[in-house]
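Report on the following structure.
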Amino acid sequence: MSGDDILAILPLVVLGAALSIVVLGIALRRDHRQAAILAAVGLVLTFASLWPAALAAPRQVTPLFAIDGYALLLMGLIIAESFAVLLLAHGYLQHLGSSADEFYALLLLTTLGGLALIAGSHFVSFFLGLETLTIPLLGLIAYPSDPPLPLEAAIKYLILAAMSSALLLFGMALVYSRLGTMEFARMAVAQAGEGQGRDLLWISGVALIFSGVAFKLSLAPFHLWVADVYEGAPAPVTGFVAVVSKSAVFALLLRYFLAAGVFRDPTVDLMVGVFAIASMLAGNLLALLQNNVKRLLAYSSVAHLGYLLVAFLATGAAAVEAVLYYLTAYGVTTLAAFGVVTVLSTGNGSTEIVALEDYRGLAWRRPWLAGAFILSLLSLAGLPLTMGFFAKIYAAAAGIHQGAWPLVGALVVGSVIGLFYYLRVIVVICMPGTAEIPQRAEAGTGSVLGLATLAGLTGVLVWLGVYPAPAVGLIRGAARVIGLP
Amino acid sequence: MTLVWLVLIPLLGGCLAWLAARRSPAWARWISLVALFAELALLLVPVTGGHGRWLAEVDLPWAPPLGIRFHLAMDGLSFALILLTAVLGILSVLASWTEITEKVGFFHFNLLLTLTGVVGVFLALDLLLFFFFWELMLIPMYFLIVVWGHERRVYAAIKFFLFTQGGGLLLLIAILTLSFLYFRQSHVVTFDYLTLLKIHLSPGTDTLLMLGFFIAFAVKLPAVPFHTWLPDAHTEAPTAGSVVLAGLLLKTGAYGLLRFVIPLFPDASVHFAPFAMGMGVAGIIYGATLAFAQTDLKRLVAYSSVSHLGFVLLGIYAWNGLALQGVVMQMLAHGLSTGALFILVGALQERLKTRDMGKMGGLWTSMPRLAAIAMFFAVASLGLPGLGDFVGEFLVLLGTYRIAPAFAAAAAAGLVASALYALLLIQRVFHGPPSGTGGAPPDLAPRHLFVMGIMMAGLVWFGMAPQPVFDAVAPGLDNITAFARIP
Amino acid sequence: MMAGLANVFGILLVLVITAALLTWVERRLLGLWQDRLGPNRVGPAGLLQVVADMIKILFKEDWVPPFADRIGFILAPAIVMAALLLGFAAIPVTPGIGVWPVDGVGLLFILAMISLSVYSTVLGGWASNNKYAILGSLRAVAQMLSYEVFLGLSLLGVVLQARSFDLRQIVAAQAGMWFVVPQFLGFLVFMTAGIAAIHRLPFDLPEAESELTAGFHTEYSGMKFGIFFIGEYVGIVLVSAMLATLFFGGWLGPVLPPLLWFLIKTGAFVAFFILLRAALPRPRYDQLMAFGWKLLLPLALLNLMVTAAVLLAF
Amino acid sequence: MTVTFYLAAVVAVAATLQVIISANAVHALLSLIVSLLAVAVVFYVLGAPFAAALEAIVYAGAIMVLFAFVVMMLNLGADATRQERGWLVPAIWVGPTVLSAVLLGELVYLLRTGSAPAGGAVVSPEPVGALLFGPYVLAVELASMLLLAGLIAAFHLGRSS
């Protein structure tokens with residue numbers, strides 16, 4: 001490990017150090033505010049450390065981590081997203097009653113796992129990063145343990161996470177047995193020849209790995225956990241599960257597919273395509289049936305990951321660009337949506353405002369909140385003035401570039417179905433409220449920090465939706481320096 | 001930069017109106033009115049900055065890495081349609097002056113945002129920018145229907161949105177594919193209309209892409225199999241919403257066909273023309289027939305729109321100078337006459353609390369002014385010579401007759417049917433014994449009279465001296481026909 | 001082949017007989033220290049007492065309580081015997097005597113066997129379906145898991161110095177100096193943890209008669225109990241042998257033959273353990289845990305750190 | 001050695017099967033321990049005695065003991081056994097079994113055509129350590145973070161309930 005190596009992995013180091021400080025702080029004094037401030041400062045410093053790291057990039061640090069523009073950009077993204085979750089959660093936790101300071105330690109740990117995943121270029125970092133991402137999430141999901149719902153959600157998540165880990169490990173073992181290496185780059189070398197090492201064993205391995213990851217990404221048909229977990233987890237954590245964990249896992253999946261040369265195989269492409277279509281259709285159709293906002297968003301996220309897979313399949317720099325933009329847009333949008341749920345539920349004790357009926361007439365009681373929610377829903381639907389618009393263009397363009405017409409068709413059909421339920425929510429928000437229901441939704445006052453975060457997220461949502469050039473420029477730059485074979 | 005302001009004024013006006021409504025609803029009304037007058041004024045000052053075919057043009061980078069540019073340009077066609085937009089915008093603000101009493105600020109915000117989208121659609125020359133504005137119109141329109149609409153507004157709004165958005169996604173796919181094909185030919189990522197005109201497409205692809213565009217526009221127009229959202233949306237929307245829908249949103253479909261479908265895919269369009277014209281004729285007859293069968297006033301007017309827009313479709317695909325001039329005239333005149341009818345129906349509904357013709361009758365005595373004006377617009381709509389609609393429909397028929405006499409003949413039959421429903425409307429609502437709806441509702445207020453006066457003047461002008469309009473539009477149409485490379 | 005078999009059976013035989021004899025030795029020694037006689041009637045100096053006990057135990061009815069879990073109940077004593085005897089396989093008695101070096105990880109093998117032996121306690125207690133028994137089992141689990149940690153950790157200093165997990169190499173590395181000198185801390189920790197791991201007095205909380213009426217083996221009788229009983233002595237011998245091998249140079253020594261040196265060292269530790277039983281009271285359960293986690297673990301870590309630092313420095 | 005390998009492998013598979021179909025939780029656990037020990041033997045035969053020893057010490061000797069501890073604390077009686085037995089209806093196990101069988105068949109087929117598992121060079125603990133704290137030191141650090149995460153999560157959940 002040379003100095004440059006340390007410099008390159010500085011974000012990981014800084015976050016690890018921040019984490020230790022938070023834990024030590026908790027050990028010395030149990031104080032919610034102190035832990036929150038320490039964690040926030042830690043995240044800011046980690047974000048700042050991306051610049052020094054960029055000086056050393058692109059660089060392979062041990063066989064485990066590849067620090068390049070792609071990794072740094074995504075790291076920045078998920079650090080920012082974690083920061084937003086932290087701010088949103090702060091107010092939410094204050095009203096929760098039970099001790100809240102471990103939350104921040106767990107949040108930083110999950111983020112660390114995410115960073116490791118994003119930079120991972122080796123099966124070992126793949127697996128360890130994934131687990132470091134998952135385990136603290138369990139704690140976060142079950143955080144308010146007095147009502148049974150979070151605990152149930154956490155147990156479901158635990159069991160499925162274990163299942164997916166098993167699939168993943170078995171898949172890795174098969175691939176390793178075929179190629180004799182666990183480094184992505186060397187796998188590509190081992191397969192350099194035409195059809196070299198691409199036998200049934202290898203395909204089984206890749207399929208198992210992909211299935212394991214599909215659990216985490218809640219791709220259909222591995223999406224069964226998603227609604228329950230989303231519903232059970234506290235709202236800011238749900239945002240985190242939906243955004244940070246999925247972004248990081250997706251980032252790694254893309255790197256694996258690109259760097260290890262998994263693309264360019266018709267069987268694999270077919271498999272991913274089938275997953276994509278299934279997710280788009282299943283997610284959207286199931287979302288139609290929901291009367292709970294969190295469950296609805298859960299199924300909509302299934303569909304969105306299907307769209308992401310369409311972008312994913314574009315291969316090469318185009319895929320990187322499309323995926324990065326989509327992840328950014330999806331992240332900002334989803335966080336804004338869950339931010340609204342969080343703000344509404346803040347100060348409401350342990351019951352959250354999630355029933356669709358609670359939102360009736362929100363536009364007239366809390367116009368700004370409703371505006372933010374409507375904008376985020378429009379963004380999820382991919383309508384203009386929001387980031388989702390360009391994200392959908394990217395996904396569709398990626399599908400067209402590879403001439404995958406079934407995928408494009410599913411994207412269109414899915415989007416139209418999607419519109420229907422997003423509009424349903426919007427309609428409810430815009431309806432005049434009845435007398436008795438508003439009382440519950442009125443209770444959520446939100447914290448100043450939460451509201452400010454929400455405002456910031458919505459601002460970004462609109463700004464990059466109207467003028468996407470800065471984000472696109474940044475992403476294009478990152479995609480160029482990914483340093484792939 | 002004038003063009004940028006054309007887009008920005010309604011947008012800023014809308015935001016301002018929304019914010020100002022906190023103080024007093026009147027502020028919102030006045031601000032939107034002022035904004036739209038400013039828009040009108042901006043149009044009427046001589047536009048400069050254009051070169052070549054365009055009256056004005058602005059071309060700024062928007063999302064450079066994606067090849068999307070903020071490219072706006074105005075020719076005679078756009079000019080005429082934006083003028084219509086501004087006028088109808090003013091009229092709808094006036095029409096909803098007393099009708100809308102709740103959430104006034106948000107209403108005007110949505111109204112002006114819709115107009116922003118419409119203006120943008122008429123100006124955009126970058127395909128993705130066009131799509132952006134195309135989608136932008138929908139959301140506020142959706143809100144207009146869903147918040148201030150009538151009984152079945154949710155159903156109508158969602159239906160409207162799904163239909164148009166479904167078409168919109170096809171459009172998006174087609175645009176992206178087109179750009180991608182161009183990229184394969186020239187290795188340039190662009191969505192620029194003028195550049196994409198140069199693309200060479202194989203016949204099969206050609207037709208598929210054309211269909212993608214066509215369906216999106218045909219839904220909006222609406223051409224017959226795709227029209228089912230329209231009666232619902234028009235019926236349930238508030239008056240201003242109906243006016244904007246019928247007067248402007250439908251025109252964007254026609255504009256899209258004129259501007260994009262035929263120039264971009266001339267060969268496919270030639271092959272497709274008979275089908276499209278068939279759809280047009282079907283729309284004319286079908287719309288007229290159904291209008292005849294309605295008891296709901298607003299539905300009647302809505303179906304009459306289907307019928308009138310059939311002429312537009314017919315004329316566009318006839319694709320000769322005469323027919324196209326007729327199309328433009330029809331679009332303008334229909335905007336005024338149908339808009340006026342919707343305002344009148346709105347006024348009636350405001351007074352009688354019903355749109356059911358069965359419950360009306362004999363209103364001539366209680367509301368002579370309203371009745372007289374309604375009579376005027378009804379006959380305008382049935383195509384009385386001397387008024388704008390007649391010019392438009394007649395020119396379309398003449399133009400079509402040159403190409404396809406059979407279609408022209410069938411369309412003319414539809415024209416007869418339109419006389420039936422228009423007169424039926426007058427007869428049922430205003431003649432006959434008064435039905436006891438209790439009390440004598442007040443007649444039209446001066447504000448309404450002013451609005452109606454403007455529209456009547458416009459229609460008479462279009463009918464009596466259409467030549468200035470043709471002169472203004474002609475270069476734009478030449479423009480399009482030149483692009484289209486069709487003999 | 002024959003030599004190998006002789007090795008195996010020889011060691012097994014000696015070990016089991018020794019373990020059996022130890023019952024006598026213990027009672028005699030306890031008697032000595034407690035100023036009484038101990039068993040002295042059967043045979044010369046009571047030596048045949050062992051035989052008498054065995055006859056009694058063997059002829060008792062082989063009884064499985066009807067409420068017990070049959071499989072677990074029978075398996076439990078077998079496990080402890082098998083695990084500890086297997087552990088002995090890796091002990092190098094002399095350069096020529098010894099069963100199996102386990103590919104250079106003999107030390108780990110023994111540790112593994114010791115840690116597996118916990119199942120006998122756990123299973124025995126659970127299968128008995130008796131509240132005292134299960135309490136004993138719970139104690140056993142917590143105690144053995146805790147102490148296993150430092151049991152391994154305390155040996156890492158030795159491993160670092162010898163640069164091997166192979167017991168023969170560890171013995172060879174002590175040619176110059178016994179490891180008890182540089183690794184005195186490790187020795188102390190290991191010895192304590194070793195006693196706890198085979199739950200020998202004073203750390204016999206899983207089977208504390210006074211509190212739990214014999215704990216996990218309350219329901220056992222006859223030969224099954226006998227195996228538990230003998231198993232404990234095998235454990236003592238094993239830990240003593242490990243102590244001798246790891247810290248006191250195993251078979252190394254002047255003048256006397258290696259075998260004798262080994263036996264002397266091991267025997268001394270066995271006697272020491274018996275002395276501990278006679279001398280020390282049983283601690284309270286929480287004291288036991290606190291002592292382990294708060295004192296022994298830091299000590300073991302400190303030992304490891306210092307050893308590593310010294311080795312790196314020189 | 002090959003014989004030992006296959007023997008251990010068969011034991012591992014059979015024991016794991018027993019884990020799944022055994023209705024009594026403790027019996028299932030015992031089978032799991034057997035399975036882990038068999039895997040340790042497999043490791044040993046393949047030339048990884050260090051991994052084998054760790055498998056026995058850490059998994060069989062420590063983690064499974066904790067499992068046993070918890071299961072014993074719960075003290076599941078005959079009721080639980082009956083309940084579990086109710087879960088094992090064919091509708092539950094046929095699907096996964098078929099899938100696993102397919103995978104197994106595929107593997108066997110491929111391994112027959114490909115290279116057979118052979119005992120490579122014996123890997124002693126030293127190179128393992130050198131690798132772990134050389135190129136893979138970051139993995140070790142990450143694993144420590146993972147453990148910390150488990151610790152904090154368990155602490156929080158355990159305390160509040």
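By convention here, the chains of the structure tokens are called A, B, ... in the order presented, each chain's residues are numbered starting at 1, and ligands are numbered starting at 1 in the order presented.
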What are the closest atom pairs, with distances in Å to one decimal, for each residue of chain A lying within 7 Å of chain D, using only C-alpha atoms, rows by chain and rising residue number, as JSON lines?
```
{"residue": "A:Thr62", "atom": "CA", "partner": "D:Pro135", "partner_atom": "CA", "distance": 5.4}
{"residue": "A:Pro63", "atom": "CA", "partner": "D:Pro135", "partner_atom": "CA", "distance": 6.7}
{"residue": "A:Leu106", "atom": "CA", "partner": "D:Ala149", "partner_atom": "CA", "distance": 6.5}
{"residue": "A:Leu109", "atom": "CA", "partner": "D:Ala149", "partner_atom": "CA", "distance": 6.4}
{"residue": "A:Ser125", "atom": "CA", "partner": "D:Ala139", "partner_atom": "CA", "distance": 6.5}
{"residue": "A:Leu128", "atom": "CA", "partner": "D:Ala143", "partner_atom": "CA", "distance": 6.5}
{"residue": "A:Glu131", "atom": "CA", "partner": "D:Leu146", "partner_atom": "CA", "distance": 6.9}
{"residue": "A:Thr132", "atom": "CA", "partner": "D:Leu146", "partner_atom": "CA", "distance": 4.8}
{"residue": "A:Ile135", "atom": "CA", "partner": "D:Gly150", "partner_atom": "CA", "distance": 6.0}
{"residue": "A:Pro136", "atom": "CA", "partner": "D:Ala149", "partner_atom": "CA", "distance": 5.2}
{"residue": "A:Gly139", "atom": "CA", "partner": "D:Ala153", "partner_atom": "CA", "distance": 4.5}
{"residue": "A:Ser145", "atom": "CA", "partner": "D:Ser160", "partner_atom": "CA", "distance": 6.7}
{"residue": "A:Leu201", "atom": "CA", "partner": "D:Leu110", "partner_atom": "CA", "distance": 6.7}
```
Emit the selected residues as a PDB file, in the first residue's frame, including all heavy atoms.
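Written file, part.pdb:
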```
ATOM      1  N   THR A  62      -4.855  -2.556  -4.425  1.00  0.00           N
ATOM      2  CA  THR A  62      -4.879  -4.000  -4.177  1.00  0.00           C
ATOM      3  C   THR A  62      -5.837  -4.621  -5.200  1.00  0.00           C
ATOM      4  O   THR A  62      -6.471  -3.898  -5.958  1.00  0.00           O
ATOM      5  CB  THR A  62      -5.315  -4.343  -2.732  1.00  0.00           C
ATOM      6  OG1 THR A  62      -6.702  -4.046  -2.578  1.00  0.00           O
ATOM      7  CG2 THR A  62      -4.513  -3.581  -1.716  1.00  0.00           C
ATOM      8  N   PRO A  63      -5.953  -5.922  -5.205  1.00  0.00           N
ATOM      9  CA  PRO A  63      -6.871  -6.456  -6.236  1.00  0.00           C
ATOM     10  C   PRO A  63      -8.323  -6.106  -5.940  1.00  0.00           C
ATOM     11  O   PRO A  63      -9.186  -6.340  -6.767  1.00  0.00           O
ATOM     12  CB  PRO A  63      -6.663  -7.979  -6.128  1.00  0.00           C
ATOM     13  CG  PRO A  63      -5.479  -8.186  -5.293  1.00  0.00           C
ATOM     14  CD  PRO A  63      -5.256  -6.976  -4.473  1.00  0.00           C
ATOM     15  N   LEU A 106     -25.069   2.935  12.431  1.00  0.00           N
ATOM     16  CA  LEU A 106     -25.517   1.949  11.434  1.00  0.00           C
ATOM     17  C   LEU A 106     -25.590   2.579  10.057  1.00  0.00           C
ATOM     18  O   LEU A 106     -25.221   1.965   9.045  1.00  0.00           O
ATOM     19  CB  LEU A 106     -26.880   1.398  11.839  1.00  0.00           C
ATOM     20  CG  LEU A 106     -26.863   0.497  13.072  1.00  0.00           C
ATOM     21  CD1 LEU A 106     -28.268   0.168  13.503  1.00  0.00           C
ATOM     22  CD2 LEU A 106     -26.105  -0.779  12.768  1.00  0.00           C
ATOM     23  N   LEU A 109     -22.204   2.794   8.644  1.00  0.00           N
ATOM     24  CA  LEU A 109     -21.710   1.465   8.280  1.00  0.00           C
ATOM     25  C   LEU A 109     -22.295   1.020   6.947  1.00  0.00           C
ATOM     26  O   LEU A 109     -21.577   0.503   6.075  1.00  0.00           O
ATOM     27  CB  LEU A 109     -22.103   0.466   9.358  1.00  0.00           C
ATOM     28  CG  LEU A 109     -21.102   0.307  10.487  1.00  0.00           C
ATOM     29  CD1 LEU A 109     -21.728  -0.413  11.637  1.00  0.00           C
ATOM     30  CD2 LEU A 109     -19.900  -0.460   9.969  1.00  0.00           C
ATOM     31  N   SER A 125     -14.442  -8.264  -2.487  1.00  0.00           N
ATOM     32  CA  SER A 125     -15.018  -6.973  -2.112  1.00  0.00           C
ATOM     33  C   SER A 125     -16.498  -6.934  -2.465  1.00  0.00           C
ATOM     34  O   SER A 125     -17.295  -6.288  -1.788  1.00  0.00           O
ATOM     35  CB  SER A 125     -14.272  -5.823  -2.764  1.00  0.00           C
ATOM     36  OG  SER A 125     -13.879  -6.137  -4.059  1.00  0.00           O
ATOM     37  N   LEU A 128     -18.108  -8.960   0.525  1.00  0.00           N
ATOM     38  CA  LEU A 128     -17.993  -8.275   1.815  1.00  0.00           C
ATOM     39  C   LEU A 128     -18.736  -6.950   1.792  1.00  0.00           C
ATOM     40  O   LEU A 128     -19.406  -6.578   2.751  1.00  0.00           O
ATOM     41  CB  LEU A 128     -16.515  -8.045   2.144  1.00  0.00           C
ATOM     42  CG  LEU A 128     -15.798  -9.252   2.727  1.00  0.00           C
ATOM     43  CD1 LEU A 128     -14.330  -8.933   2.915  1.00  0.00           C
ATOM     44  CD2 LEU A 128     -16.419  -9.633   4.061  1.00  0.00           C
ATOM     45  N   GLU A 131     -22.409  -7.564   2.133  1.00  0.00           N
ATOM     46  CA  GLU A 131     -22.818  -7.926   3.493  1.00  0.00           C
ATOM     47  C   GLU A 131     -22.731  -6.721   4.420  1.00  0.00           C
ATOM     48  O   GLU A 131     -23.588  -6.513   5.270  1.00  0.00           O
ATOM     49  CB  GLU A 131     -21.946  -9.070   4.017  1.00  0.00           C
ATOM     50  CG  GLU A 131     -22.177 -10.377   3.289  1.00  0.00           C
ATOM     51  CD  GLU A 131     -23.623 -10.825   3.359  1.00  0.00           C
ATOM     52  OE1 GLU A 131     -24.162 -10.957   4.456  1.00  0.00           O
ATOM     53  OE2 GLU A 131     -24.226 -11.023   2.290  1.00  0.00           O
ATOM     54  N   THR A 132     -21.674  -5.933   4.240  1.00  0.00           N
ATOM     55  CA  THR A 132     -21.550  -4.742   5.094  1.00  0.00           C
ATOM     56  C   THR A 132     -22.684  -3.773   4.805  1.00  0.00           C
ATOM     57  O   THR A 132     -23.095  -2.987   5.652  1.00  0.00           O
ATOM     58  CB  THR A 132     -20.201  -4.057   4.837  1.00  0.00           C
ATOM     59  OG1 THR A 132     -19.185  -5.037   4.823  1.00  0.00           O
ATOM     60  CG2 THR A 132     -19.905  -3.038   5.896  1.00  0.00           C
ATOM     61  N   ILE A 135     -26.119  -5.975   6.558  1.00  0.00           N
ATOM     62  CA  ILE A 135     -26.289  -6.261   7.984  1.00  0.00           C
ATOM     63  C   ILE A 135     -26.740  -5.025   8.771  1.00  0.00           C
ATOM     64  O   ILE A 135     -27.719  -5.091   9.519  1.00  0.00           O
ATOM     65  CB  ILE A 135     -24.988  -6.866   8.561  1.00  0.00           C
ATOM     66  CG1 ILE A 135     -24.623  -8.147   7.828  1.00  0.00           C
ATOM     67  CG2 ILE A 135     -25.130  -7.107  10.044  1.00  0.00           C
ATOM     68  CD1 ILE A 135     -25.581  -9.278   8.030  1.00  0.00           C
ATOM     69  N   PRO A 136     -26.053  -3.882   8.601  1.00  0.00           N
ATOM     70  CA  PRO A 136     -26.541  -2.726   9.356  1.00  0.00           C
ATOM     71  C   PRO A 136     -27.941  -2.307   8.910  1.00  0.00           C
ATOM     72  O   PRO A 136     -28.713  -1.779   9.718  1.00  0.00           O
ATOM     73  CB  PRO A 136     -25.544  -1.621   9.062  1.00  0.00           C
ATOM     74  CG  PRO A 136     -24.503  -2.179   8.208  1.00  0.00           C
ATOM     75  CD  PRO A 136     -24.856  -3.558   7.831  1.00  0.00           C
ATOM     76  N   GLY A 139     -30.517  -3.665  11.079  1.00  0.00           N
ATOM     77  CA  GLY A 139     -30.709  -2.876  12.292  1.00  0.00           C
ATOM     78  C   GLY A 139     -31.533  -1.635  12.015  1.00  0.00           C
ATOM     79  O   GLY A 139     -32.390  -1.251  12.814  1.00  0.00           O
ATOM     80  N   SER A 145     -38.423  -0.619  17.393  1.00  0.00           N
ATOM     81  CA  SER A 145     -38.846  -2.011  17.518  1.00  0.00           C
ATOM     82  C   SER A 145     -40.098  -2.174  18.339  1.00  0.00           C
ATOM     83  O   SER A 145     -40.508  -3.278  18.603  1.00  0.00           O
ATOM     84  CB  SER A 145     -37.715  -2.835  18.109  1.00  0.00           C
ATOM     85  OG  SER A 145     -37.180  -2.139  19.199  1.00  0.00           O
ATOM     86  N   LEU A 201     -21.308 -24.184 -17.089  1.00  0.00           N
ATOM     87  CA  LEU A 201     -20.924 -23.951 -15.696  1.00  0.00           C
ATOM     88  C   LEU A 201     -20.810 -22.452 -15.431  1.00  0.00           C
ATOM     89  O   LEU A 201     -21.318 -21.921 -14.450  1.00  0.00           O
ATOM     90  CB  LEU A 201     -19.592 -24.640 -15.431  1.00  0.00           C
ATOM     91  CG  LEU A 201     -19.249 -24.898 -13.978  1.00  0.00           C
ATOM     92  CD1 LEU A 201     -20.246 -25.823 -13.363  1.00  0.00           C
ATOM     93  CD2 LEU A 201     -17.854 -25.467 -13.865  1.00  0.00           C
TER      94      LEU A 201
END
```
I'd like a table as a tab-separated table: residues in chain B with an atom no more than 8 Å from chain A, each row giving the shortest atom pair and its distance in Å to one decimal, only C-alpha atoms counted, sorted by chain and rising residue number.
```
residue	atom	partner	partner_atom	distance
B:Trp62	CA	A:Ala469	CA	6.5
B:Ala63	CA	A:Ala469	CA	4.3
B:Pro64	CA	A:Ala469	CA	6.4
B:Pro65	CA	A:Gly473	CA	6.4
B:Leu66	CA	A:Val472	CA	7.8
B:Phe132	CA	A:Pro384	CA	5.7
B:Phe133	CA	A:Pro384	CA	7.8
B:Glu135	CA	A:Pro384	CA	6.3
B:Leu136	CA	A:Pro384	CA	5.9
B:Val146	CA	A:Val427	CA	6.8
B:Val147	CA	A:Cys430	CA	6.4
B:Val154	CA	A:Val427	CA	7.1
B:Ile158	CA	A:Leu423	CA	7.0
B:Leu162	CA	A:Val416	CA	6.5
B:Gln165	CA	A:Val416	CA	7.0
B:Gly166	CA	A:Val416	CA	5.8
B:Leu169	CA	A:Val412	CA	6.1
B:Leu170	CA	A:Val412	CA	7.3
B:Leu172	CA	A:Ile393	CA	7.7
B:Ile173	CA	A:Ala396	CA	6.7
B:Leu176	CA	A:Ala397	CA	5.8
B:Thr177	CA	A:Ile400	CA	6.1
B:Phe180	CA	A:His401	CA	6.6
```
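Neighbouring residues of segment 110-117 of chain C at 6 Å or closer, counting only C-alpha atoms and skipping chain neighbours under 6 positions away, are Val80, Ala83 and Gly87 of chain C; Ala56, Ile57 and Gly61 of chain D.
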Could you write out the selected residues, including N, CA and C atoms, as a PDB file, in the first residue's frame?
```
ATOM      1  N   VAL C  80     -17.805 -36.538  24.085  1.00  0.00           N
ATOM      2  CA  VAL C  80     -16.689 -36.019  24.860  1.00  0.00           C
ATOM      3  C   VAL C  80     -15.506 -36.974  24.776  1.00  0.00           C
ATOM      4  N   ALA C  83     -13.990 -36.829  21.177  1.00  0.00           N
ATOM      5  CA  ALA C  83     -13.312 -35.584  20.859  1.00  0.00           C
ATOM      6  C   ALA C  83     -11.977 -35.495  21.582  1.00  0.00           C
ATOM      7  N   GLY C  87      -8.261 -35.544  20.121  1.00  0.00           N
ATOM      8  CA  GLY C  87      -7.352 -34.432  20.341  1.00  0.00           C
ATOM      9  C   GLY C  87      -5.967 -34.923  20.702  1.00  0.00           C
TER      10      GLY C  87
ATOM     11  N   ALA D  56     -13.730 -26.267  11.750  1.00  0.00           N
ATOM     12  CA  ALA D  56     -14.135 -27.030  12.935  1.00  0.00           C
ATOM     13  C   ALA D  56     -14.206 -26.135  14.161  1.00  0.00           C
ATOM     14  N   ILE D  57     -13.205 -25.268  14.320  1.00  0.00           N
ATOM     15  CA  ILE D  57     -13.173 -24.462  15.545  1.00  0.00           C
ATOM     16  C   ILE D  57     -14.273 -23.413  15.520  1.00  0.00           C
ATOM     17  N   GLY D  61     -17.391 -25.498  16.292  1.00  0.00           N
ATOM     18  CA  GLY D  61     -17.067 -25.400  17.701  1.00  0.00           C
ATOM     19  C   GLY D  61     -17.641 -24.179  18.381  1.00  0.00           C
TER      20      GLY D  61
END
```
Exercise for review: Considering only C-alpha atoms, return as number ranges by chain whatever protein or nucleic-acid residues lie within 12 Å of Leu60 of chain B, sequence-local ones (same chain, fewer than 2 positions apart) excluded.
Suggested key: A: 467; B: 1, 3-4, 57-58, 62-64, 67-73, 124-126, 129, 192
Check your understanding: When you draw a straight line from atom CA of Leu151 of chain C to atom CA of Ile198 of chain C, how long is it in Å?
Key -> 11.2 Å
Gly212 of chain B environment, 8 Å, only C-alpha atoms, sequence neighbours closer than 4 positions dropped, as a PDB file with N, CA and C atoms, in the first residue's frame:
```pdb
ATOM      1  N   GLY B 167     -49.669   7.773 -26.249  1.00  0.00           N
ATOM      2  CA  GLY B 167     -49.211   8.256 -27.541  1.00  0.00           C
ATOM      3  C   GLY B 167     -47.868   8.945 -27.413  1.00  0.00           C
ATOM      4  N   LEU B 170     -44.972   6.592 -27.379  1.00  0.00           N
ATOM      5  CA  LEU B 170     -44.659   6.109 -28.728  1.00  0.00           C
ATOM      6  C   LEU B 170     -43.852   7.161 -29.478  1.00  0.00           C
ATOM      7  N   LEU B 171     -44.298   8.396 -29.288  1.00  0.00           N
ATOM      8  CA  LEU B 171     -43.585   9.495 -29.940  1.00  0.00           C
ATOM      9  C   LEU B 171     -42.136   9.528 -29.481  1.00  0.00           C
ATOM     10  N   ILE B 173     -40.304   7.126 -28.281  1.00  0.00           N
ATOM     11  CA  ILE B 173     -39.545   6.017 -28.847  1.00  0.00           C
ATOM     12  C   ILE B 173     -39.200   6.322 -30.309  1.00  0.00           C
ATOM     13  N   ALA B 174     -40.176   6.844 -31.017  1.00  0.00           N
ATOM     14  CA  ALA B 174     -39.928   7.133 -32.429  1.00  0.00           C
ATOM     15  C   ALA B 174     -38.840   8.196 -32.583  1.00  0.00           C
ATOM     16  N   LEU B 208     -42.790   2.464 -39.901  1.00  0.00           N
ATOM     17  CA  LEU B 208     -42.941   2.236 -38.474  1.00  0.00           C
ATOM     18  C   LEU B 208     -42.772   3.523 -37.686  1.00  0.00           C
ATOM     19  N   ALA B 216     -49.278   9.334 -31.982  1.00  0.00           N
ATOM     20  CA  ALA B 216     -49.240  10.337 -30.931  1.00  0.00           C
ATOM     21  C   ALA B 216     -50.068  11.552 -31.315  1.00  0.00           C
TER      22      ALA B 216
END
```
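What separates atom CA of Ala311 of chain A from atom CA of Ala395 of chain A is a distance of 4.6 Å.
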